[in-house]
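Source file: query-v1.cif. Holds: mmCIF, C-alpha atoms.
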```cif
data_protein
loop_
_atom_site.group_PDB
_atom_site.id
_atom_site.type_symbol
_atom_site.label_atom_id
_atom_site.label_comp_id
_atom_site.auth_asym_id
_atom_site.auth_seq_id
_atom_site.Cartn_x
_atom_site.Cartn_y
_atom_site.Cartn_z
ATOM 1 C CA MET A 25 -20.083 -20.986 54.793
ATOM 2 C CA GLY A 26 -21.826 -21.019 51.489
ATOM 3 C CA ASN A 27 -20.100 -21.875 48.259
ATOM 4 C CA LYS A 28 -18.772 -18.879 46.377
ATOM 5 C CA THR A 29 -19.582 -18.662 42.733
ATOM 6 C CA SER A 30 -17.274 -16.921 40.287
ATOM 7 C CA LYS A 31 -18.436 -15.142 37.193
ATOM 8 C CA THR A 32 -16.609 -16.117 34.050
ATOM 9 C CA LYS A 33 -16.634 -14.561 30.620
ATOM 10 C CA PRO A 34 -18.506 -16.447 27.895
ATOM 11 C CA GLU A 35 -16.142 -18.561 25.846
ATOM 12 C CA VAL A 36 -16.120 -19.823 22.291
ATOM 13 C CA ALA A 37 -16.809 -23.538 21.884
ATOM 14 C CA ILE A 38 -13.771 -25.664 22.650
ATOM 15 C CA SER A 39 -13.703 -27.189 19.162
ATOM 16 C CA ALA A 40 -13.008 -24.365 16.722
ATOM 17 C CA THR A 41 -15.504 -23.850 13.915
ATOM 18 C CA THR A 42 -14.010 -24.193 10.447
ATOM 19 C CA PRO A 43 -15.340 -23.101 7.047
ATOM 20 C CA ASP A 44 -16.196 -26.757 6.320
ATOM 21 C CA ASP A 45 -18.347 -26.851 9.457
ATOM 22 C CA LEU A 46 -20.298 -23.825 8.249
ATOM 23 C CA TRP A 47 -20.858 -25.380 4.828
ATOM 24 C CA ASP A 48 -22.059 -28.581 6.510
ATOM 25 C CA LEU A 49 -24.543 -26.532 8.545
ATOM 26 C CA ARG A 50 -25.701 -24.653 5.477
ATOM 27 C CA ALA A 51 -26.167 -27.906 3.572
ATOM 28 C CA PHE A 52 -28.226 -29.316 6.462
ATOM 29 C CA CYS A 53 -30.480 -26.243 6.536
ATOM 30 C CA LEU A 54 -31.043 -26.371 2.779
ATOM 31 C CA VAL A 55 -31.870 -30.089 2.873
ATOM 32 C CA VAL A 56 -34.452 -29.493 5.607
ATOM 33 C CA ASP A 57 -35.916 -26.444 3.825
ATOM 34 C CA HIS A 58 -36.221 -28.174 0.446
ATOM 35 C CA GLY A 59 -36.913 -31.688 1.759
ATOM 36 C CA SER A 60 -34.475 -32.907 -0.857
ATOM 37 C CA ILE A 61 -30.761 -33.610 -1.048
ATOM 38 C CA THR A 62 -30.896 -33.112 -4.813
ATOM 39 C CA ALA A 63 -32.381 -29.612 -4.511
ATOM 40 C CA ALA A 64 -29.866 -28.645 -1.794
ATOM 41 C CA ALA A 65 -26.970 -29.926 -3.910
ATOM 42 C CA LYS A 66 -28.158 -27.881 -6.897
ATOM 43 C CA GLN A 67 -28.308 -24.674 -4.834
ATOM 44 C CA LEU A 68 -24.864 -25.322 -3.334
ATOM 45 C CA GLY A 69 -23.351 -26.273 -6.678
ATOM 46 C CA GLU A 70 -22.286 -29.664 -5.326
ATOM 47 C CA THR A 71 -23.090 -33.309 -6.050
ATOM 48 C CA LYS A 72 -25.719 -35.296 -4.166
ATOM 49 C CA GLY A 73 -22.949 -37.465 -2.747
ATOM 50 C CA SER A 74 -21.087 -34.425 -1.404
ATOM 51 C CA VAL A 75 -24.185 -33.096 0.375
ATOM 52 C CA SER A 76 -25.019 -36.530 1.727
ATOM 53 C CA ARG A 77 -21.507 -36.823 3.155
ATOM 54 C CA ARG A 78 -21.910 -33.396 4.799
ATOM 55 C CA LEU A 79 -25.082 -34.574 6.521
ATOM 56 C CA SER A 80 -23.453 -37.773 7.707
ATOM 57 C CA ARG A 81 -20.413 -35.895 9.000
ATOM 58 C CA LEU A 82 -22.621 -33.466 10.926
ATOM 59 C CA GLU A 83 -24.762 -36.240 12.434
ATOM 60 C CA SER A 84 -21.628 -38.164 13.411
ATOM 61 C CA ALA A 85 -20.135 -35.098 15.124
ATOM 62 C CA LEU A 86 -23.373 -34.437 17.049
ATOM 63 C CA GLY A 87 -24.143 -38.082 17.784
ATOM 64 C CA VAL A 88 -27.799 -37.484 16.831
ATOM 65 C CA PRO A 89 -29.746 -38.350 13.623
ATOM 66 C CA LEU A 90 -30.965 -35.086 12.107
ATOM 67 C CA VAL A 91 -32.928 -36.344 9.074
ATOM 68 C CA ARG A 92 -34.816 -39.411 7.889
ATOM 69 C CA ARG A 93 -34.005 -40.321 4.315
ATOM 70 C CA SER A 94 -36.435 -41.955 1.901
ATOM 71 C CA PRO A 95 -36.299 -42.366 -1.907
ATOM 72 C CA ARG A 96 -38.732 -39.467 -2.417
ATOM 73 C CA LEU A 97 -38.315 -37.179 0.567
ATOM 74 C CA VAL A 98 -35.980 -36.198 3.352
ATOM 75 C CA ARG A 99 -37.618 -35.151 6.609
ATOM 76 C CA PRO A 100 -35.985 -33.743 9.744
ATOM 77 C CA THR A 101 -36.157 -35.659 12.979
ATOM 78 C CA GLU A 102 -37.520 -33.932 16.073
ATOM 79 C CA GLU A 103 -33.956 -33.077 17.043
ATOM 80 C CA GLY A 104 -33.306 -31.910 13.481
ATOM 81 C CA VAL A 105 -36.236 -29.450 13.614
ATOM 82 C CA LEU A 106 -34.912 -27.842 16.811
ATOM 83 C CA TYR A 107 -31.356 -27.787 15.481
ATOM 84 C CA ARG A 108 -32.477 -26.202 12.190
ATOM 85 C CA GLN A 109 -34.171 -23.348 14.070
ATOM 86 C CA ARG A 110 -31.138 -22.444 16.131
ATOM 87 C CA VAL A 111 -28.533 -23.042 13.433
ATOM 88 C CA GLY A 112 -30.562 -20.958 11.008
ATOM 89 C CA ARG A 113 -30.508 -17.978 13.338
ATOM 90 C CA ALA A 114 -26.746 -18.381 13.813
ATOM 91 C CA LEU A 115 -26.109 -18.526 10.060
ATOM 92 C CA GLU A 116 -28.263 -15.427 9.537
ATOM 93 C CA LEU A 117 -26.195 -13.546 12.111
ATOM 94 C CA ILE A 118 -22.986 -14.596 10.396
ATOM 95 C CA GLU A 119 -24.354 -13.489 7.033
ATOM 96 C CA ASP A 120 -25.484 -10.158 8.484
ATOM 97 C CA ALA A 121 -22.037 -9.594 10.036
ATOM 98 C CA THR A 122 -20.317 -10.434 6.740
ATOM 99 C CA ASP A 123 -22.597 -8.117 4.764
ATOM 100 C CA ALA A 124 -22.021 -5.291 7.256
ATOM 101 C CA LEU A 125 -18.247 -5.741 7.038
ATOM 102 C CA LYS A 126 -18.306 -5.747 3.241
ATOM 103 C CA GLU A 127 -20.428 -2.609 3.279
ATOM 104 C CA ALA A 128 -17.991 -0.934 5.664
ATOM 105 C CA GLN A 129 -15.088 -1.892 3.406
ATOM 106 C CA GLY A 130 -16.881 -0.519 0.378
ATOM 107 C CA HIS A 131 -18.104 2.761 1.873
ATOM 108 C CA PRO A 132 -15.834 4.798 4.187
ATOM 109 C CA ARG A 133 -17.479 5.133 7.597
ATOM 110 C CA GLY A 134 -16.709 5.001 11.303
ATOM 111 C CA ARG A 135 -14.155 6.632 13.591
ATOM 112 C CA LEU A 136 -10.790 7.634 12.133
ATOM 113 C CA ARG A 137 -8.118 8.341 14.757
ATOM 114 C CA VAL A 138 -5.271 10.531 13.468
ATOM 115 C CA THR A 139 -2.255 12.101 15.147
ATOM 116 C CA ALA A 140 -0.606 15.234 13.720
ATOM 117 C CA PRO A 141 1.875 17.926 14.814
ATOM 118 C CA PRO A 142 -0.057 20.917 16.217
ATOM 119 C CA ASP A 143 1.828 23.626 14.322
ATOM 120 C CA PHE A 144 1.200 22.089 10.903
ATOM 121 C CA ALA A 145 -2.333 21.094 11.843
ATOM 122 C CA HIS A 146 -3.274 24.734 12.484
ATOM 123 C CA THR A 147 -1.581 26.293 9.473
ATOM 124 C CA VAL A 148 -1.405 23.693 6.716
ATOM 125 C CA LEU A 149 -3.712 20.796 7.502
ATOM 126 C CA ALA A 150 -6.817 22.554 8.812
ATOM 127 C CA PRO A 151 -8.174 23.662 5.396
ATOM 128 C CA VAL A 152 -7.555 20.235 3.871
ATOM 129 C CA LEU A 153 -9.099 18.397 6.819
ATOM 130 C CA ALA A 154 -12.150 20.636 6.605
ATOM 131 C CA ARG A 155 -12.675 19.591 2.983
ATOM 132 C CA PHE A 156 -12.159 15.930 3.909
ATOM 133 C CA CYS A 157 -14.848 16.114 6.623
ATOM 134 C CA GLU A 158 -17.245 17.715 4.163
ATOM 135 C CA ALA A 159 -16.581 15.019 1.544
ATOM 136 C CA HIS A 160 -16.854 12.106 4.001
ATOM 137 C CA ARG A 161 -19.698 12.826 6.389
ATOM 138 C CA ASP A 162 -19.916 9.188 7.571
ATOM 139 C CA ILE A 163 -16.379 9.347 8.969
ATOM 140 C CA SER A 164 -15.881 10.693 12.499
ATOM 141 C CA LEU A 165 -12.419 12.279 12.576
ATOM 142 C CA GLU A 166 -10.594 12.261 15.910
ATOM 143 C CA LEU A 167 -7.354 14.287 15.989
ATOM 144 C CA LEU A 168 -4.556 13.926 18.531
ATOM 145 C CA LEU A 169 -2.345 16.994 18.144
ATOM 146 C CA THR A 170 1.141 16.335 19.478
ATOM 147 C CA ASP A 171 4.765 16.413 18.349
ATOM 148 C CA ARG A 172 5.415 13.099 20.122
ATOM 149 C CA GLU A 173 5.567 9.929 18.051
ATOM 150 C CA LEU A 174 2.608 8.009 19.440
ATOM 151 C CA ASP A 175 2.510 4.229 19.293
ATOM 152 C CA PHE A 176 -0.166 2.964 16.898
ATOM 153 C CA ASP A 177 -1.337 0.063 19.061
ATOM 154 C CA ALA A 178 -1.192 1.802 22.442
ATOM 155 C CA ASN A 179 -3.123 4.823 21.125
ATOM 156 C CA GLN A 180 -5.410 2.933 18.699
ATOM 157 C CA LEU A 181 -4.235 5.045 15.773
ATOM 158 C CA ASP A 182 -5.330 4.650 12.167
ATOM 159 C CA ILE A 183 -3.085 7.342 10.657
ATOM 160 C CA ALA A 184 -0.059 9.354 11.768
ATOM 161 C CA LEU A 185 0.954 12.627 10.110
ATOM 162 C CA ARG A 186 4.556 13.364 11.026
ATOM 163 C CA VAL A 187 7.053 16.055 10.128
ATOM 164 C CA ALA A 188 10.675 14.922 9.937
ATOM 165 C CA SER A 189 13.865 15.290 7.946
ATOM 166 C CA SER A 190 13.874 11.490 7.602
ATOM 167 C CA LEU A 191 11.944 8.537 9.034
ATOM 168 C CA ARG A 192 13.456 5.687 10.995
ATOM 169 C CA ASP A 193 12.857 2.189 9.693
ATOM 170 C CA SER A 194 9.569 0.668 10.833
ATOM 171 C CA SER A 195 6.856 -1.725 9.729
ATOM 172 C CA LEU A 196 4.580 1.218 8.846
ATOM 173 C CA VAL A 197 3.811 2.311 5.292
ATOM 174 C CA ALA A 198 5.040 5.891 4.757
ATOM 175 C CA LEU A 199 3.769 8.283 2.100
ATOM 176 C CA ARG A 200 5.595 11.599 1.668
ATOM 177 C CA LEU A 201 2.995 14.306 1.158
ATOM 178 C CA LEU A 202 5.040 17.523 1.079
ATOM 179 C CA ASP A 203 8.564 18.857 1.393
ATOM 180 C CA ALA A 204 8.826 22.015 3.475
ATOM 181 C CA GLN A 205 10.919 25.044 2.599
ATOM 182 C CA MET A 206 12.740 26.062 5.738
ATOM 183 C CA GLY A 207 13.991 29.548 6.398
ATOM 184 C CA PHE A 208 15.719 31.856 8.871
ATOM 185 C CA VAL A 209 13.329 34.497 10.231
ATOM 186 C CA ALA A 210 13.582 37.226 12.833
ATOM 187 C CA SER A 211 11.583 40.229 13.993
ATOM 188 C CA PRO A 212 12.506 43.772 12.852
ATOM 189 C CA ALA A 213 13.128 44.643 16.522
ATOM 190 C CA TYR A 214 15.715 41.873 16.906
ATOM 191 C CA LEU A 215 17.508 42.867 13.699
ATOM 192 C CA GLU A 216 17.583 46.514 14.729
ATOM 193 C CA ARG A 217 19.076 45.563 18.090
ATOM 194 C CA GLU A 218 21.502 42.808 17.039
ATOM 195 C CA GLY A 219 22.142 43.499 13.378
ATOM 196 C CA ARG A 220 21.287 41.494 10.262
ATOM 197 C CA PRO A 221 23.500 38.539 9.314
ATOM 198 C CA ARG A 222 24.555 38.512 5.667
ATOM 199 C CA ARG A 223 26.335 35.135 5.612
ATOM 200 C CA LEU A 224 25.777 31.770 7.291
ATOM 201 C CA ALA A 225 29.151 32.140 8.979
ATOM 202 C CA GLU A 226 27.747 35.072 10.993
ATOM 203 C CA LEU A 227 24.972 32.987 12.616
ATOM 204 C CA PRO A 228 27.015 31.690 15.592
ATOM 205 C CA ALA A 229 27.189 35.295 16.833
ATOM 206 C CA HIS A 230 23.366 35.419 17.074
ATOM 207 C CA ARG A 231 20.755 33.814 19.276
ATOM 208 C CA VAL A 232 19.362 30.973 17.154
ATOM 209 C CA LEU A 233 16.025 29.302 17.896
ATOM 210 C CA THR A 234 15.304 25.802 16.577
ATOM 211 C CA MET A 235 12.884 22.933 16.892
ATOM 212 C CA ARG A 236 14.249 19.703 18.340
ATOM 213 C CA ARG A 237 13.791 17.902 15.053
ATOM 214 C CA GLU A 238 16.196 20.349 13.382
ATOM 215 C CA SER A 239 19.967 20.490 13.837
ATOM 216 C CA GLY A 240 20.704 23.557 11.752
ATOM 217 C CA PRO A 241 22.371 23.965 8.342
ATOM 218 C CA SER A 242 25.239 21.638 7.498
ATOM 219 C CA ALA A 243 27.368 24.553 6.259
ATOM 220 C CA VAL A 244 27.806 26.037 9.734
ATOM 221 C CA ARG A 245 27.961 24.608 13.249
ATOM 222 C CA LEU A 246 25.329 26.130 15.550
ATOM 223 C CA THR A 247 24.647 25.927 19.257
ATOM 224 C CA PRO A 248 20.978 26.948 19.526
ATOM 225 C CA SER A 249 20.069 29.361 22.313
ATOM 226 C CA VAL A 250 16.534 27.936 22.531
ATOM 227 C CA VAL A 251 15.284 24.504 21.455
ATOM 228 C CA VAL A 252 11.564 23.705 21.561
ATOM 229 C CA GLN A 253 9.337 21.049 20.012
ATOM 230 C CA ASP A 254 6.391 23.297 19.148
ATOM 231 C CA GLY A 255 6.791 25.334 15.974
ATOM 232 C CA ALA A 256 3.967 27.678 16.993
ATOM 233 C CA PHE A 257 5.777 28.525 20.231
ATOM 234 C CA LEU A 258 9.035 29.010 18.338
ATOM 235 C CA ARG A 259 7.241 31.462 16.040
ATOM 236 C CA SER A 260 5.999 33.373 19.106
ATOM 237 C CA LEU A 261 9.552 33.653 20.420
ATOM 238 C CA ALA A 262 10.712 35.022 17.070
ATOM 239 C CA LEU A 263 7.881 37.577 17.067
ATOM 240 C CA GLU A 264 8.972 38.677 20.557
ATOM 241 C CA GLY A 265 12.466 39.365 19.265
ATOM 242 C CA VAL A 266 14.200 36.576 21.175
ATOM 243 C CA GLY A 267 16.374 35.521 18.235
ATOM 244 C CA ILE A 268 16.622 34.133 14.710
ATOM 245 C CA ALA A 269 14.321 31.150 14.265
ATOM 246 C CA ILE A 270 14.684 28.261 11.831
ATOM 247 C CA LEU A 271 11.094 27.557 10.833
ATOM 248 C CA PRO A 272 9.026 26.077 8.013
ATOM 249 C CA LEU A 273 8.004 29.079 5.921
ATOM 250 C CA ALA A 274 4.454 27.711 5.753
ATOM 251 C CA LEU A 275 4.069 28.572 9.433
ATOM 252 C CA VAL A 276 5.058 32.220 9.004
ATOM 253 C CA GLU A 277 3.537 33.157 5.632
ATOM 254 C CA ALA A 278 1.283 35.845 7.097
ATOM 255 C CA ASP A 279 4.017 37.195 9.395
ATOM 256 C CA LEU A 280 6.405 37.634 6.465
ATOM 257 C CA SER A 281 3.835 39.230 4.181
ATOM 258 C CA GLN A 282 2.761 41.704 6.897
ATOM 259 C CA GLY A 283 6.290 42.558 8.034
ATOM 260 C CA ARG A 284 6.080 41.097 11.537
ATOM 261 C CA LEU A 285 8.971 38.815 10.613
ATOM 262 C CA VAL A 286 11.772 39.184 8.083
ATOM 263 C CA ARG A 287 13.293 36.328 6.103
ATOM 264 C CA LEU A 288 17.081 36.184 6.285
ATOM 265 C CA LEU A 289 19.785 34.568 4.149
ATOM 266 C CA SER A 290 17.301 33.470 1.499
ATOM 267 C CA ASP A 291 20.131 33.422 -1.071
ATOM 268 C CA GLN A 292 22.018 30.879 1.066
ATOM 269 C CA GLY A 293 19.530 28.074 0.442
ATOM 270 C CA SER A 294 17.247 26.204 2.818
ATOM 271 C CA PRO A 295 18.994 25.421 6.126
ATOM 272 C CA ILE A 296 17.609 21.853 6.156
ATOM 273 C CA ARG A 297 14.863 19.829 4.497
ATOM 274 C CA ILE A 298 11.874 18.427 6.332
ATOM 275 C CA SER A 299 8.852 16.629 4.948
ATOM 276 C CA LEU A 300 5.301 15.888 5.963
ATOM 277 C CA TYR A 301 4.674 12.135 5.964
ATOM 278 C CA LEU A 302 1.497 10.080 6.246
ATOM 279 C CA LEU A 303 1.958 6.704 7.949
ATOM 280 C CA HIS A 304 -0.411 3.757 8.350
ATOM 281 C CA PRO A 305 -0.068 0.053 9.209
ATOM 282 C CA ALA A 306 1.129 -2.276 6.473
ATOM 283 C CA THR A 307 -1.858 -4.508 5.789
ATOM 284 C CA PRO A 308 -3.521 -5.641 2.551
ATOM 285 C CA LEU A 309 -6.954 -5.240 4.223
ATOM 286 C CA LEU A 310 -6.799 -1.512 4.906
ATOM 287 C CA PRO A 311 -10.176 -0.163 6.139
ATOM 288 C CA ALA A 312 -12.059 1.993 3.650
ATOM 289 C CA ARG A 313 -11.911 5.029 5.956
ATOM 290 C CA VAL A 314 -8.098 4.823 6.102
ATOM 291 C CA ARG A 315 -7.803 4.443 2.322
ATOM 292 C CA ALA A 316 -10.161 7.378 1.815
ATOM 293 C CA PHE A 317 -8.115 9.639 4.110
ATOM 294 C CA ARG A 318 -4.777 8.590 2.591
ATOM 295 C CA ASP A 319 -5.940 9.104 -0.989
ATOM 296 C CA PHE A 320 -7.640 12.420 -0.187
ATOM 297 C CA MET A 321 -4.543 13.843 1.516
ATOM 298 C CA ALA A 322 -2.262 12.667 -1.269
ATOM 299 C CA HIS A 323 -4.466 14.243 -3.937
ATOM 300 C CA ALA A 324 -4.914 17.482 -1.980
ATOM 301 C CA LEU A 325 -1.289 18.015 -0.984
ATOM 302 C CA GLN A 326 1.064 16.202 -3.337
ATOM 303 C CA LYS A 327 -0.086 17.822 -6.564
ATOM 304 C CA GLN A 328 -0.340 21.467 -5.545
ATOM 305 C CA ASP A 329 2.166 24.282 -5.219
ATOM 306 C CA ARG A 330 1.759 25.924 -1.816
ATOM 307 C CA GLY A 331 4.483 28.558 -2.221
ATOM 308 C CA PRO A 332 6.488 27.798 0.935
ATOM 309 C CA TRP A 333 6.213 24.087 0.210
ATOM 310 C CA GLY A 334 8.532 22.478 -2.300
ATOM 311 C CA SER A 335 7.800 19.628 -4.666
#
```
Using structure tokens, write down the structure that the file contains.
Amino acid sequence: MGNKTSKTKPEVAISATTPDDLWDLRAFCLVVDHGSITAAAKQLGETKGSVSRRLSRLESALGVPLVRRSPRLVRPTEEGVLYRQRVGRALELIEDATDALKEAQGHPRGRLRVTAPPDFAHTVLAPVLARFCEAHRDISLELLLTDRELDFDANQLDIALRVASSLRDSSLVALRLLDAQMGFVASPAYLEREGRPRRLAELPAHRVLTMRRESGPSAVRLTPSVVVQDGAFLRSLALEGVGIAILPLALVEADLSQGRLVRLLSDQGSPIRISLYLLHPATPLLPARVRAFRDFMAHALQKQDRGPWGS
């Protein structure tokens, strides 16, 4: 039987490269290019002794003489010539990678992966996101529309837009963008059939529809007839006359203005408060695309009066 060979992934050198190693390599390349330790030291902003020690340290680590020193000139050995060629290419690649990263940090570009609740995405976020895409054409926006709280690492998220009455403690940075005005709404057909409540105390006698993130007003204890996660589906149930829905008024602006739904108990105050939050990882080195999205959303949403949204 022949010997089996196994394929292994390429590995980094066993001895880790440090910043000092890179400076030693750069000093070596400059000495070879200029043929002078003095000239290399001037370009590096170091003393001749410092550069000479870098060369000696590098030669000692490699176990090979890289240059021949003379009072007037420094020349590479045969091994030094070959090493200069390969090291030079490696240093150029490192410099290119660093320049590319700095450029990416300075100018927002690349894929931005964002999760958002579908109901708010359709009614509130869509116009703002459209303006963001127009302003940042080098950013590829990928939206995951769901009411579930997705894990940042498992789903490779950059940003999460979440609607909640409050946020649980986490390591994420949270920015509150908007507070939503909530309201009781029902269809004219439902009110004609079941009657119109005039006080909060009358709600338990009605079929009440809520989203799972809501628990109802604190002034009255409710047992919802229907509980769903999707605000758009809850709106559809209200339009069908199933019951009285507790919904963000931003989701039913058009329905209220055109009489498809009727707002109830508006003099009783908002049943609960919910807010739209923007969350991102807590890191001092936030990518430019994430900063651009955060700042754009904050400017677009925090400073404007949207009618059904509070301050």
Atomic separation - CA of Glu83 in chain A relative to CA of Ile118 in chain A, Å: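 Answer for the CA of Ile118 in chain A to CA of Glu83 in chain A separation: 21.8 Å.
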Would you kindly identify which residues have an atom no farther than 12 Å from (5.6, 1.0, 11.8), using only C-alpha atoms and the file's own coordinates, and write them out as a list in words?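 Protein and nucleic acid residues near the point are Glu173, Leu174, Asp175, Phe176, Asp177, Leu181, Asp182, Ile183, Ala184, Leu191, Arg192, Asp193, Ser194, Ser195, Leu196, Val197, Ala198, Leu302, Leu303, His304, Pro305, Ala306 and Thr307 of chain A.
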Expansion of the PyMOL selection byres ((chain A and resi 133) around 6) into residues, as a PyMOL selection string: chain A and resi 132+134+162-163+313
Suppose a student applies the PyMOL selection byres ((chain A and resi 68) around 12) to this structure; what residues should they get, written as number ranges by chain? A: 47-55, 61-67, 69-72, 74-75, 78
Explicit residues for the PyMOL selection byres ((chain A and resi 287-290) around 7) (as a list in words):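 What the PyMOL selection byres ((chain A and resi 287-290) around 7) grabs from the file is Gly207, Phe208, Val209, Ala210, Arg222, Arg223, Leu285, Val286, Asp291, Gln292 and Gly293 of chain A.
Proximity ranking of A:Ala274, A:Thr234, A:Ser260, A:Arg113 relative to Pro248 in chain A places A:Thr234 first, based on all atoms listed in the file.
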Given the choices A:Val187, A:Met321, A:Met206, A:Val111, which gets closest to Glu277 in chain A if the distance is worked out from all atoms listed in the file?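 With all atoms listed in the file as the atom set, the closest residue is A:Met206.
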Can you tell me, as a list in words, which residues sit within 8 Å of (-5.1, 12.3, 5.7) in the file's frame, using all atoms listed in the file?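 It turns out the residues near that spot are Val138, Leu153, Ile183, Leu185, Leu302, Phe317, Arg318, Asp319, Phe320, Met321 and Ala322 of chain A.
Across the model, the gap from CA of Ser84 in chain A to CA of Pro100 in chain A is 15.5 Å.
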For Ile298 in chain A, the nearest of the candidates A:Val276, A:Cys157, A:Val266, A:Leu202, counting all atoms listed in the file: A:Leu202
Pairwise distance, CA of Leu280 in chain A with CA of Ala262 in chain A, equals 11.7 Å
